[in-house]
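*Asks:* Data file structure.txt (compact mmCIF, C-alpha atoms and all ligand atoms) is appended below.
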# COMPACT_ATOMS: atom_id res chain seq x y z
CA MET A 1 -29.73 13.61 12.77
CA GLU A 2 -26.71 11.52 13.71
CA ASN A 3 -23.57 12.87 12.05
CA LEU A 4 -22.69 10.12 9.58
CA PHE A 5 -19.72 11.97 8.15
CA GLU A 6 -17.84 12.86 11.33
CA LEU A 7 -15.12 10.46 12.43
CA PRO A 8 -15.81 9.03 15.88
CA SER A 9 -13.48 10.45 18.52
CA GLU A 10 -11.31 7.32 18.84
CA TYR A 11 -10.34 7.64 15.17
CA LYS A 12 -9.64 11.36 15.56
CA ASP A 13 -7.41 10.56 18.51
CA LEU A 14 -5.63 7.87 16.51
CA ARG A 15 -5.00 10.33 13.68
CA LYS A 16 -3.63 12.87 16.12
CA SER A 17 -1.23 10.45 17.76
CA VAL A 18 0.02 8.96 14.45
CA ARG A 19 0.49 12.46 13.04
CA ALA A 20 2.55 13.49 16.06
CA LEU A 21 4.71 10.39 15.78
CA ALA A 22 5.13 10.82 12.00
CA GLU A 23 6.11 14.47 12.30
CA LYS A 24 8.64 13.80 15.05
CA GLU A 25 10.12 10.45 14.08
CA ILE A 26 9.46 9.86 10.38
CA ALA A 27 9.28 13.18 8.48
CA PRO A 28 12.80 14.33 9.48
CA PHE A 29 14.31 11.35 7.60
CA ALA A 30 12.00 11.30 4.56
CA GLN A 31 14.27 13.28 2.27
CA ALA A 32 17.42 11.34 3.18
CA VAL A 33 15.59 8.03 2.75
CA ASP A 34 14.52 9.12 -0.75
CA GLU A 35 17.88 10.58 -1.78
CA ASN A 36 19.90 7.63 -0.55
CA HIS A 37 17.43 4.92 -1.60
CA ARG A 38 17.67 3.50 1.89
CA PHE A 39 15.18 1.59 4.02
CA PRO A 40 13.47 3.94 6.53
CA GLN A 41 14.84 2.18 9.60
CA GLU A 42 13.93 5.11 11.88
CA ALA A 43 10.30 4.81 10.78
CA ALA A 44 10.35 1.02 11.11
CA THR A 45 11.63 1.31 14.68
CA ALA A 46 9.18 4.07 15.64
CA LEU A 47 6.18 2.27 14.11
CA GLN A 48 7.16 -1.01 15.74
CA LYS A 49 7.59 0.65 19.16
CA ALA A 50 4.18 2.30 18.86
CA GLY A 51 2.49 -0.95 17.79
CA LEU A 52 1.66 0.49 14.37
CA SER A 53 3.58 -1.71 11.95
CA ALA A 54 1.07 -4.58 12.04
CA ALA A 55 -1.82 -3.15 14.04
CA HIS A 56 -4.32 -5.04 11.87
CA VAL A 57 -3.37 -8.38 13.48
CA PRO A 58 -6.24 -9.59 15.71
CA THR A 59 -5.71 -9.31 19.46
CA GLU A 60 -5.74 -13.09 19.98
CA TYR A 61 -2.46 -13.23 18.05
CA GLY A 62 -0.87 -10.34 19.92
CA GLY A 63 -1.90 -7.49 17.61
CA ASP A 64 -4.12 -4.48 18.21
CA GLY A 65 -7.01 -5.77 16.12
CA ALA A 66 -7.17 -2.36 14.47
CA ASP A 67 -10.06 -2.23 12.00
CA ALA A 68 -9.73 -1.32 8.32
CA LEU A 69 -10.53 2.36 8.91
CA ALA A 70 -7.91 2.63 11.65
CA ILE A 71 -5.31 1.08 9.31
CA VAL A 72 -6.27 3.59 6.61
CA LEU A 73 -5.76 6.45 9.05
CA ILE A 74 -2.37 5.09 10.14
CA ILE A 75 -1.19 4.70 6.53
CA GLU A 76 -2.61 8.08 5.48
CA GLU A 77 -0.81 9.89 8.28
CA VAL A 78 2.51 8.09 7.75
CA ALA A 79 2.30 8.73 3.96
CA ARG A 80 1.68 12.42 4.60
CA ALA A 81 5.19 12.45 6.08
CA CYS A 82 6.93 9.69 4.10
CA ALA A 83 5.18 7.40 1.65
CA ALA A 84 7.98 4.81 1.63
CA SER A 85 7.54 4.41 5.39
CA SER A 86 3.80 3.92 4.97
CA LEU A 87 4.58 0.78 2.98
CA ILE A 88 5.69 -0.91 6.22
CA PRO A 89 2.15 -1.27 7.67
CA ALA A 90 0.65 -1.56 4.16
CA VAL A 91 2.90 -4.44 3.06
CA ASN A 92 2.50 -6.20 6.40
CA LYS A 93 -1.26 -6.17 5.94
CA LEU A 94 -1.02 -7.22 2.27
CA GLY A 95 1.41 -10.07 2.99
CA SER A 96 -0.44 -11.48 5.97
CA LEU A 97 -4.05 -11.05 4.84
CA PRO A 98 -4.16 -14.34 2.87
CA LEU A 99 -3.15 -16.07 6.11
CA ILE A 100 -5.74 -14.13 8.12
CA LEU A 101 -8.49 -14.78 5.55
CA GLY A 102 -7.68 -18.38 4.66
CA GLY A 103 -5.13 -19.85 7.07
CA SER A 104 -5.70 -22.42 9.81
CA GLU A 105 -5.70 -21.58 13.52
CA VAL A 106 -2.34 -23.34 13.91
CA GLN A 107 -0.82 -21.26 11.11
CA LYS A 108 -2.15 -18.03 12.58
CA GLN A 109 -0.75 -18.92 16.01
CA ARG A 110 2.61 -19.63 14.44
CA TRP A 111 3.16 -16.65 12.14
CA LEU A 112 1.02 -13.73 13.26
CA PRO A 113 2.71 -13.16 16.67
CA GLN A 114 6.05 -13.07 14.84
CA LEU A 115 4.68 -10.43 12.49
CA VAL A 116 3.56 -8.37 15.49
CA ALA A 117 7.06 -8.81 16.96
CA GLY A 118 8.52 -7.00 13.94
CA LYS A 119 9.18 -9.63 11.29
CA GLY A 120 7.71 -8.27 8.07
CA PHE A 121 5.35 -10.12 5.72
CA SER A 122 5.51 -9.51 1.95
CA TYR A 123 3.15 -10.54 -0.84
CA CYS A 124 4.44 -12.35 -3.93
CA LEU A 125 1.95 -12.43 -6.78
CA SER A 126 3.50 -10.54 -9.73
CA GLU A 127 6.02 -12.06 -12.12
CA SER A 128 8.06 -10.67 -15.01
CA ASP A 129 5.47 -11.95 -17.53
CA ALA A 130 2.38 -11.91 -15.30
CA GLY A 131 1.39 -8.46 -14.05
CA SER A 132 -2.16 -7.34 -14.83
CA ASP A 133 -2.88 -10.90 -15.97
CA ALA A 134 -1.79 -12.43 -12.68
CA SER A 135 -3.46 -15.76 -13.47
CA ALA A 136 -0.73 -16.34 -16.09
CA LEU A 137 1.86 -16.75 -13.32
CA ARG A 138 4.43 -19.50 -13.84
CA THR A 139 6.06 -19.99 -10.45
CA LYS A 140 5.56 -23.71 -10.05
CA VAL A 141 4.71 -25.87 -7.08
CA GLU A 142 4.76 -29.66 -7.18
CA ARG A 143 4.12 -32.40 -4.68
CA GLY A 144 7.41 -33.54 -3.15
CA LYS A 145 8.31 -36.48 -0.91
CA ASP A 146 7.31 -34.62 2.21
CA GLY A 147 5.13 -31.71 1.15
CA TRP A 148 5.76 -29.30 -1.74
CA ILE A 149 8.61 -28.10 -3.92
CA LEU A 150 8.58 -24.50 -5.16
CA ASN A 151 10.48 -23.21 -8.21
CA GLY A 152 10.34 -19.92 -10.09
CA SER A 153 10.61 -16.22 -9.39
CA LYS A 154 8.50 -13.22 -8.44
CA LYS A 155 9.05 -9.64 -9.59
CA TRP A 156 8.47 -6.25 -7.98
CA ILE A 157 8.14 -7.54 -4.43
CA SER A 158 7.85 -4.70 -1.91
CA ASN A 159 10.10 -4.93 1.13
CA ALA A 160 11.69 -8.09 -0.25
CA GLY A 161 14.76 -9.03 1.73
CA VAL A 162 13.60 -6.96 4.71
CA SER A 163 10.55 -9.14 5.39
CA GLU A 164 11.01 -12.50 7.08
CA PHE A 165 7.82 -14.00 5.63
CA TYR A 166 6.30 -14.17 2.12
CA THR A 167 2.92 -15.24 0.86
CA VAL A 168 3.75 -16.84 -2.49
CA ILE A 169 1.08 -17.55 -5.07
CA ALA A 170 2.13 -20.50 -7.26
CA GLN A 171 0.74 -22.69 -10.04
CA GLY A 172 0.34 -26.39 -9.23
CA ASP A 173 -1.54 -27.54 -12.32
CA SER A 174 -1.56 -25.22 -15.31
CA SER A 175 -4.18 -27.36 -17.08
CA LEU A 176 -6.65 -25.99 -14.50
CA GLY A 177 -5.78 -22.33 -15.16
CA SER A 178 -6.42 -20.10 -12.16
CA LYS A 179 -7.98 -23.07 -10.32
CA GLY A 180 -4.57 -24.75 -10.27
CA ILE A 181 -3.09 -21.89 -8.23
CA SER A 182 -2.37 -22.21 -4.47
CA ALA A 183 -0.95 -19.90 -1.79
CA PHE A 184 2.00 -20.75 0.47
CA ILE A 185 3.92 -19.19 3.33
CA VAL A 186 7.63 -19.04 2.59
CA GLU A 187 10.29 -17.87 5.03
CA LYS A 188 13.33 -15.83 4.06
CA SER A 189 15.53 -18.45 5.73
CA ASP A 190 14.08 -21.39 3.78
CA PRO A 191 16.90 -23.03 1.78
CA GLY A 192 16.60 -22.06 -1.90
CA VAL A 193 15.12 -18.57 -1.31
CA SER A 194 17.18 -15.63 -2.59
CA PHE A 195 16.68 -12.00 -3.67
CA GLY A 196 17.69 -9.81 -6.61
CA ALA A 197 19.21 -6.35 -6.34
CA PRO A 198 16.77 -3.56 -5.37
CA GLU A 199 15.15 -1.87 -8.40
CA LYS A 200 16.19 1.72 -9.09
CA LYS A 201 12.85 3.45 -8.79
CA MET A 202 11.31 6.82 -9.60
CA GLY A 203 9.71 7.04 -6.17
CA PHE A 204 9.10 5.06 -2.98
CA ARG A 205 12.87 4.77 -2.99
CA GLY A 206 13.02 3.89 0.70
CA SER A 207 11.07 0.70 0.15
CA PRO A 208 13.19 -2.05 -1.42
CA THR A 209 11.52 -3.67 -4.44
CA CYS A 210 13.27 -6.86 -5.55
CA GLU A 211 12.87 -10.08 -7.42
CA VAL A 212 12.49 -13.15 -5.22
CA TYR A 213 13.85 -16.48 -6.46
CA PHE A 214 12.77 -19.96 -5.42
CA ASP A 215 15.15 -22.79 -6.24
CA ASN A 216 13.73 -26.16 -5.15
CA VAL A 217 12.34 -24.68 -1.94
CA GLU A 218 10.90 -27.51 0.16
CA LEU A 219 7.71 -26.63 2.00
CA HIS A 220 5.90 -28.86 4.45
CA ASP A 221 2.13 -29.21 4.17
CA ASP A 222 1.73 -26.68 6.97
CA ARG A 223 2.86 -23.95 4.55
CA LEU A 224 -0.18 -24.29 2.27
CA ILE A 225 -2.75 -21.55 3.00
CA GLY A 226 -6.32 -22.75 2.61
CA GLU A 227 -7.27 -25.27 -0.06
CA VAL A 228 -5.18 -26.60 -2.93
CA GLY A 229 -6.34 -24.57 -5.93
CA GLY A 230 -7.79 -21.79 -3.78
CA GLY A 231 -4.79 -19.45 -4.05
CA TYR A 232 -5.95 -17.23 -6.88
CA ILE A 233 -9.28 -16.41 -5.27
CA LEU A 234 -7.49 -15.77 -1.97
CA ALA A 235 -5.02 -13.44 -3.72
CA MET A 236 -7.86 -11.48 -5.37
CA ASP A 237 -9.94 -11.34 -2.17
CA THR A 238 -6.87 -9.98 -0.38
CA LEU A 239 -6.52 -7.17 -2.93
CA ASP A 240 -10.15 -6.16 -2.40
CA HIS A 241 -9.21 -5.26 1.16
CA THR A 242 -5.72 -3.89 0.61
CA ARG A 243 -6.29 -1.63 -2.41
CA ILE A 244 -7.87 0.68 0.12
CA THR A 245 -4.48 1.01 1.83
CA ILE A 246 -3.04 2.25 -1.48
CA ALA A 247 -5.83 4.82 -1.60
CA ALA A 248 -4.75 5.80 1.93
CA GLN A 249 -1.16 6.31 0.77
CA ALA A 250 -2.31 8.47 -2.13
CA LEU A 251 -4.54 10.44 0.22
CA GLY A 252 -1.67 11.12 2.64
CA LEU A 253 0.60 12.20 -0.21
CA ALA A 254 -2.01 14.60 -1.60
CA GLN A 255 -2.74 16.02 1.85
CA GLY A 256 0.97 16.58 2.47
CA ALA A 257 1.36 18.33 -0.89
CA LEU A 258 -1.66 20.58 -0.27
CA GLU A 259 -0.28 21.67 3.09
CA VAL A 260 3.16 22.49 1.65
CA ALA A 261 1.58 24.42 -1.26
CA THR A 262 -0.80 26.37 0.97
CA LYS A 263 1.96 27.42 3.38
CA TYR A 264 4.24 28.39 0.49
CA SER A 265 1.50 30.44 -1.18
CA HIS A 266 1.34 32.64 1.94
CA GLU A 267 5.13 32.99 2.20
CA ARG A 268 6.00 33.67 -1.43
CA LYS A 269 5.53 37.21 -2.69
CA GLN A 270 5.43 38.29 -6.34
CA PHE A 271 4.14 41.57 -7.77
CA GLY A 272 4.17 42.92 -4.21
CA LYS A 273 1.73 40.43 -2.70
CA GLU A 274 1.41 36.88 -1.48
CA ILE A 275 0.88 34.53 -4.40
CA PHE A 276 -2.12 33.22 -2.41
CA ASP A 277 -3.83 36.50 -3.28
CA PHE A 278 -3.90 35.59 -6.98
CA GLN A 279 -7.18 33.96 -7.93
CA GLY A 280 -5.33 31.54 -10.24
CA ILE A 281 -3.53 30.11 -7.20
CA GLN A 282 -6.66 30.11 -5.04
CA PHE A 283 -8.55 28.09 -7.66
CA MET A 284 -5.78 25.48 -7.71
CA LEU A 285 -5.78 25.21 -3.90
CA ALA A 286 -9.57 25.02 -3.86
CA ASP A 287 -9.58 22.17 -6.40
CA MET A 288 -6.87 20.33 -4.47
CA ALA A 289 -8.74 20.56 -1.16
CA MET A 290 -12.08 19.68 -2.76
CA ASN A 291 -10.70 16.61 -4.53
CA ILE A 292 -8.84 15.42 -1.44
CA GLU A 293 -12.01 15.61 0.62
CA ALA A 294 -13.99 13.67 -2.01
CA ALA A 295 -11.26 11.00 -2.13
CA ARG A 296 -11.17 10.85 1.66
CA GLN A 297 -14.90 10.17 1.93
CA LEU A 298 -14.70 7.44 -0.71
CA THR A 299 -11.66 5.82 0.91
CA TYR A 300 -13.15 5.83 4.40
CA ALA A 301 -16.42 4.42 3.05
CA ALA A 302 -14.43 1.64 1.31
CA ALA A 303 -12.60 0.91 4.59
CA VAL A 304 -15.88 0.50 6.47
CA LYS A 305 -17.14 -1.83 3.72
CA SER A 306 -13.93 -3.86 4.02
CA GLU A 307 -14.35 -4.16 7.76
CA ASN A 308 -17.99 -5.19 7.45
CA GLY A 309 -17.40 -7.50 4.48
CA GLU A 310 -20.08 -5.78 2.42
CA THR A 311 -21.05 -7.13 -0.99
CA ASP A 312 -20.08 -3.95 -2.85
CA LEU A 313 -16.55 -3.96 -1.40
CA ARG A 314 -14.96 -4.89 -4.76
CA PHE A 315 -16.45 -1.80 -6.43
CA PHE A 316 -15.58 0.50 -3.53
CA SER A 317 -12.01 -0.71 -3.05
CA ALA A 318 -11.17 -0.41 -6.77
CA ALA A 319 -12.93 2.97 -6.98
CA SER A 320 -11.15 4.37 -3.92
CA LYS A 321 -7.73 3.25 -5.15
CA CYS A 322 -8.32 4.52 -8.71
CA PHE A 323 -9.93 7.85 -7.82
CA THR A 324 -7.55 8.71 -5.00
CA SER A 325 -4.36 7.83 -6.87
CA ASP A 326 -5.45 9.82 -9.96
CA MET A 327 -6.33 12.67 -7.62
CA ALA A 328 -2.94 12.42 -5.90
CA ILE A 329 -1.05 12.75 -9.18
CA LYS A 330 -3.03 15.85 -10.14
CA THR A 331 -2.74 17.34 -6.65
CA THR A 332 1.01 16.77 -6.30
CA GLN A 333 1.60 18.18 -9.80
CA ASP A 334 -0.42 21.27 -8.94
CA ALA A 335 1.54 21.64 -5.71
CA ILE A 336 4.74 21.70 -7.76
CA GLN A 337 3.16 24.31 -10.03
CA ILE A 338 2.30 26.52 -7.05
CA LEU A 339 5.90 26.35 -5.83
CA GLY A 340 7.17 27.25 -9.32
CA GLY A 341 10.90 26.51 -9.75
CA TYR A 342 11.20 25.68 -6.06
CA GLY A 343 8.69 22.89 -6.56
CA TYR A 344 10.86 21.27 -9.18
CA VAL A 345 13.89 20.80 -6.95
CA SER A 346 14.30 18.70 -3.85
CA ASP A 347 14.53 21.66 -1.41
CA TYR A 348 10.78 21.09 -0.93
CA PRO A 349 9.11 17.67 -0.67
CA VAL A 350 6.48 18.12 -3.40
CA GLU A 351 8.57 16.69 -6.25
CA ARG A 352 9.19 13.56 -4.11
CA MET A 353 5.48 13.39 -3.37
CA MET A 354 4.66 13.45 -7.08
CA ARG A 355 7.19 10.71 -7.85
CA ASP A 356 5.76 8.65 -4.99
CA ALA A 357 2.16 9.29 -6.05
CA LYS A 358 2.84 7.84 -9.52
CA LEU A 359 3.28 4.36 -8.07
CA THR A 360 -0.15 4.43 -6.48
CA GLN A 361 -1.65 4.46 -10.00
CA ILE A 362 0.32 1.32 -10.90
CA TYR A 363 0.65 -1.20 -8.09
CA GLU A 364 -1.96 -3.51 -6.62
CA GLY A 365 -3.44 -3.36 -10.11
CA THR A 366 -3.02 -0.47 -12.54
CA ASN A 367 -5.80 2.07 -12.76
CA GLN A 368 -6.81 0.58 -16.11
CA ILE A 369 -7.38 -2.71 -14.29
CA GLN A 370 -9.27 -0.90 -11.49
CA ARG A 371 -11.60 0.59 -14.11
CA ILE A 372 -12.26 -2.90 -15.48
CA VAL A 373 -13.06 -4.11 -11.95
CA ILE A 374 -15.31 -1.08 -11.38
CA ALA A 375 -17.17 -1.63 -14.67
CA ARG A 376 -17.73 -5.31 -13.83
CA ASN A 377 -19.10 -4.39 -10.42
CA LEU A 378 -21.21 -1.33 -11.17
CA PRO A 379 -23.51 -0.58 -8.24
CA HIS A 380 -27.26 -1.08 -8.54
CA TYR A 381 -29.14 1.77 -6.97
C1 LIG A 401 7.41 -0.41 -6.92
C2 LIG A 401 6.50 -1.56 -7.15
C3 LIG A 401 6.14 -2.36 -6.08
C4 LIG A 401 5.33 -3.48 -6.28
N1 LIG A 401 5.05 -4.32 -5.22
C5 LIG A 401 4.46 -5.52 -5.47
C6 LIG A 401 4.34 -6.51 -4.43
O1 LIG A 401 4.73 -6.28 -3.27
N2 LIG A 401 3.79 -7.70 -4.74
C7 LIG A 401 3.34 -8.01 -5.99
O2 LIG A 401 2.87 -9.12 -6.20
N3 LIG A 401 3.44 -7.09 -7.00
C8 LIG A 401 3.98 -5.86 -6.77
N4 LIG A 401 4.10 -4.93 -7.78
C9 LIG A 401 3.64 -5.28 -9.14
C10 LIG A 401 2.47 -4.47 -9.62
O3 LIG A 401 1.30 -4.86 -8.96
C11 LIG A 401 2.41 -4.61 -11.17
O4 LIG A 401 3.49 -3.86 -11.67
C12 LIG A 401 1.11 -4.14 -11.73
O5 LIG A 401 0.08 -5.02 -11.36
C13 LIG A 401 1.15 -4.03 -13.26
O6 LIG A 401 1.71 -5.14 -13.86
P1 LIG A 401 2.86 -4.93 -14.98
O7 LIG A 401 3.87 -4.03 -14.41
O8 LIG A 401 3.31 -6.27 -15.44
O9 LIG A 401 2.13 -4.17 -16.15
P2 LIG A 401 1.33 -4.82 -17.38
O10 LIG A 401 0.32 -5.76 -16.87
O11 LIG A 401 2.31 -5.32 -18.37
O12 LIG A 401 0.59 -3.55 -17.96
C14 LIG A 401 1.20 -2.65 -18.88
C15 LIG A 401 0.14 -1.62 -19.31
O13 LIG A 401 -0.94 -2.29 -19.97
C16 LIG A 401 -2.16 -1.97 -19.32
N5 LIG A 401 -3.07 -3.12 -19.39
C17 LIG A 401 -2.79 -4.42 -19.10
N6 LIG A 401 -3.90 -5.15 -19.26
C18 LIG A 401 -4.89 -4.32 -19.65
C19 LIG A 401 -6.27 -4.47 -19.98
N7 LIG A 401 -6.88 -5.66 -19.91
N8 LIG A 401 -6.97 -3.39 -20.33
C20 LIG A 401 -6.40 -2.16 -20.39
N9 LIG A 401 -5.09 -1.95 -20.10
C21 LIG A 401 -4.36 -3.01 -19.73
C22 LIG A 401 -1.76 -1.65 -17.88
O14 LIG A 401 -2.75 -0.85 -17.23
C23 LIG A 401 -0.47 -0.90 -18.11
O15 LIG A 401 -0.76 0.43 -18.45
C24 LIG A 401 4.85 -3.78 -7.58
C25 LIG A 401 5.20 -2.94 -8.66
C26 LIG A 401 6.01 -1.86 -8.46
C27 LIG A 401 6.39 -1.00 -9.65
Mind turning this structure into structure tokens?
Ligand SMILES: Cc1cc2nc3c(=O)[nH]c(=O)nc-3n(C[C@H](O)[C@H](O)[C@H](O)COP(=O)(O)OP(=O)(O)OC[C@H]3O[C@@H](n4cnc5c(N)ncnc54)[C@H](O)[C@@H]3O)c2cc1C
*Replies:*
Amino acid sequence: MENLFELPSEYKDLRKSVRALAEKEIAPFAQAVDENHRFPQEAATALQKAGLSAAHVPTEYGGDGADALAIVLIIEEVARACAASSLIPAVNKLGSLPLILGGSEVQKQRWLPQLVAGKGFSYCLSESDAGSDASALRTKVERGKDGWILNGSKKWISNAGVSEFYTVIAQGDSSLGSKGISAFIVEKSDPGVSFGAPEKKMGFRGSPTCEVYFDNVELHDDRLIGEVGGGYILAMDTLDHTRITIAAQALGLAQGALEVATKYSHERKQFGKEIFDFQGIQFMLADMAMNIEAARQLTYAAAVKSENGETDLRFFSAASKCFTSDMAIKTTQDAIQILGGYGYVSDYPVERMMRDAKLTQIYEGTNQIQRIVIARNLPHY
């Protein structure tokens, strides 16, 4: 029988090369990036040089045309070394996917090659009063003399200020509810765009998260993505594909924590033997490895469904994000437990991994929201 559960060799090779790059050029800076709350410029440069910061962009626009599973592997391997750095390819996919899914050929020709050249692309959906209920967003767009005028603000925007481009989801006619919402491409240099101070976060400290303000930003018609009123559906369709990248981050974090804990359990001696020899520790490591492998299979299956546009994608993407991020919190906490006091301090990376893992349960829809999506899309067997 054909081996359905073995990665084809090109994906194994991709994993190997991204792991080598991450270990050499990203991991050495992960602790400093976290401690100093600074953007992981070394990672950004290394990923850009290797063609990995926006590999999802189709080849006709200068990208690698990497499929959804390849992007998952890239993000997983970068997150294993430094989760904040893994947000570079993840945010670039999230920000540009509305354009890829719903934009015109002219728009794709204009913005996607610039993304490949290193100009980041962020995604602006959430607002201070519209998080889980994103359709309640109040950033307003109106017809102007020569196009559109955008006013309002977005909250919690990943890589804000670093990215050159922003997909902004705005309300054009609140009497229509979510059908009044449209999506626009906004540039950092557009007059009237400004940014708040970076949030002081528990984890992912290397990735700036800021408010973005729009003060009478004038946008020509060529900035509208897709149809007027089609922005909310586009935003939700985008998340169906990109929640899998959050699962990939959680997977990489959990894998990293398992490896640190396993190595430590062989090095640390108590009561005259390696702590690995205690069954209590072995059971924890066994659970960690078992849960990681289950999450990996689910996440890779979701990635293949994303690539093939399968009808059960919504269930699989929500399930992969929810299951893997819950698993990552448990796994990183257990890794800390295995390291004892040493796990609780920053000499080892597991406490950073746990702080980072927490975000994966919250963004791109909290895990309560994922469970609602899962329940509404239960599979029929
Ligand atoms: C570091 C960071 C980076 C982010 N990056 C981005 C970004 O790049 N772009 C972007 O647009 N957004 C981004 N977000 C926003 C993120 O997606 C939201 O924070 C998230 O969707 C939750 O919204 P909220 O914070 O307003 O929580 P709320 O919606 O206020 O939820 C509060 C609590 O209520 C629960 N809850 C809400 N509704 C229900 C319900 N119906 N049933 C059960 N429980 C419910 C939630 O699960 C949660 O536990 C980011 C957030 C963070 C923290």
*Asks:* Under the rule of at most 6 Å, produce a per-residue listing of chain A near ligand LIG 401 (chain A): chain, number, name, the closest pair of atoms, and the distance in Å, as JSON lines, using only C-alpha atoms and all ligand atoms.
*Replies:*
{"residue": "A:Tyr123", "atom": "CA", "partner": "A:LIG401", "partner_atom": "N2", "distance": 4.9}
{"residue": "A:Cys124", "atom": "CA", "partner": "A:LIG401", "partner_atom": "O2", "distance": 4.2}
{"residue": "A:Leu125", "atom": "CA", "partner": "A:LIG401", "partner_atom": "O2", "distance": 3.5}
{"residue": "A:Ser126", "atom": "CA", "partner": "A:LIG401", "partner_atom": "O2", "distance": 3.9}
{"residue": "A:Ala130", "atom": "CA", "partner": "A:LIG401", "partner_atom": "O8", "distance": 5.7}
{"residue": "A:Gly131", "atom": "CA", "partner": "A:LIG401", "partner_atom": "O8", "distance": 3.2}
{"residue": "A:Ser132", "atom": "CA", "partner": "A:LIG401", "partner_atom": "O10", "distance": 3.6}
{"residue": "A:Trp156", "atom": "CA", "partner": "A:LIG401", "partner_atom": "C24", "distance": 4.4}
{"residue": "A:Ile157", "atom": "CA", "partner": "A:LIG401", "partner_atom": "O1", "distance": 3.8}
{"residue": "A:Ser158", "atom": "CA", "partner": "A:LIG401", "partner_atom": "O1", "distance": 3.8}
{"residue": "A:Thr209", "atom": "CA", "partner": "A:LIG401", "partner_atom": "C3", "distance": 5.8}
{"residue": "A:Ile362", "atom": "CA", "partner": "A:LIG401", "partner_atom": "C12", "distance": 5.6}
{"residue": "A:Tyr363", "atom": "CA", "partner": "A:LIG401", "partner_atom": "O3", "distance": 3.8}
{"residue": "A:Glu364", "atom": "CA", "partner": "A:LIG401", "partner_atom": "O3", "distance": 4.2}
{"residue": "A:Gly365", "atom": "CA", "partner": "A:LIG401", "partner_atom": "O5", "distance": 4.1}
{"residue": "A:Thr366", "atom": "CA", "partner": "A:LIG401", "partner_atom": "O14", "distance": 4.7}
{"residue": "A:Gln368", "atom": "CA", "partner": "A:LIG401", "partner_atom": "O14", "distance": 4.4}
{"residue": "A:Ile369", "atom": "CA", "partner": "A:LIG401", "partner_atom": "O14", "distance": 5.8}
*Asks:* Taking (4.3, 14.8, -2.9) as a centre in this file's frame and 7 Å as the limit, can you find every polymer residue with an atom that close, using only C-alpha atoms, and give them as an mmCIF file with C-alpha atoms, in the coordinates of the input?
*Replies:*
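Resulting contents of selection.cif:
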data_model
loop_
_atom_site.group_PDB
_atom_site.id
_atom_site.type_symbol
_atom_site.label_atom_id
_atom_site.label_comp_id
_atom_site.auth_asym_id
_atom_site.auth_seq_id
_atom_site.Cartn_x
_atom_site.Cartn_y
_atom_site.Cartn_z
ATOM 1 C CA LEU A 253 0.600 12.200 -0.210
ATOM 2 C CA ALA A 254 -2.010 14.600 -1.600
ATOM 3 C CA GLY A 256 0.970 16.580 2.470
ATOM 4 C CA ALA A 257 1.360 18.330 -0.890
ATOM 5 C CA THR A 332 1.010 16.770 -6.300
ATOM 6 C CA PRO A 349 9.110 17.670 -0.670
ATOM 7 C CA VAL A 350 6.480 18.120 -3.400
ATOM 8 C CA GLU A 351 8.570 16.690 -6.250
ATOM 9 C CA ARG A 352 9.190 13.560 -4.110
ATOM 10 C CA MET A 353 5.480 13.390 -3.370
ATOM 11 C CA MET A 354 4.660 13.450 -7.080
ATOM 12 C CA ASP A 356 5.760 8.650 -4.990
ATOM 13 C CA ALA A 357 2.160 9.290 -6.050
#
*Asks:* A:Ala335, A:Ala43, A:Leu87, A:Leu234: which is nearest Pro28 in chain A, counting only C-alpha atoms?
*Replies:*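 Looking at the shortest contact to Pro28 in chain A, the residue is A:Ala43.
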*Asks:* Give me the residues within 9 Å of Gly144 in chain A as a ChimeraX atom specification, counting all atoms listed in the file and dropping any in the same chain fewer than 5 places off.
*Replies:* /A:149,218-219
*Asks:* Let me make sure I understand: among A:Asn377, A:Ser320, A:Asn367, A:Ser9, which one has the smallest atom-to-atom distance to Gln249 in chain A if we use only C-alpha atoms?
*Replies:*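 Counting only C-alpha atoms, the residue closest to Gln249 in chain A is A:Ser320.
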*Asks:* If you count only C-alpha atoms, which residues fall within 10 Å of Phe5 in chain A, apart from same-chain ones fewer than 5 positions away, as a ChimeraX atom specification?
*Replies:* /A:297,300-301
*Asks:* Skipping near chain neighbours, those fewer than 6 positions away, what residues fall within 10 Å of Lys358 in chain A using only C-alpha atoms, listed as a ChimeraX atom specification?
*Replies:* /A:202-204,250,325-326,328-330,332
*Asks:* Which residue is closest to Ser96 in chain A? Choose from A:Val168, A:Ile26, A:Ala83, A:Leu137 and count only C-alpha atoms.
*Replies:*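 Looking at the shortest contact to Ser96 in chain A, the residue is A:Val168.
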*Asks:* Point out the residue among A:Gly120, A:Gly206, A:Lys321, A:Thr245 with the least atom-to-atom distance to Lys188 in chain A, counting only C-alpha atoms.
*Replies:*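 Under the stated criterion, the closest residue is A:Gly120.
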*Asks:* Identify which of the residues A:Arg355, A:Lys108, A:Arg138, A:Arg296 lies closest to Ala247 in chain A, counting all atoms listed in the file when measuring atom-to-atom distances.
*Replies:*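 Of all the options, A:Arg296 lies closest to Ala247 in chain A.
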*Asks:* Applying 10 Å and all atoms listed in the file, which residues near Ser306 in chain A remain after dropping the ones on its own chain fewer than 5 positions away? List them as a list in words.
*Replies:* Asp67, Ala68, Leu69, Asp240, His241, Thr242, Ile244, Tyr300, Ala301, Thr311, Asp312, Leu313, Arg314, Phe316 and Ser317 of chain A
*Asks:* One decimal, in Å: what's the spacing between CA of Met290 in chain A and CA of Gln337 in chain A?
*Replies:*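 So the two atoms, CA of Met290 in chain A and CA of Gln337 in chain A, lie 17.5 Å apart.
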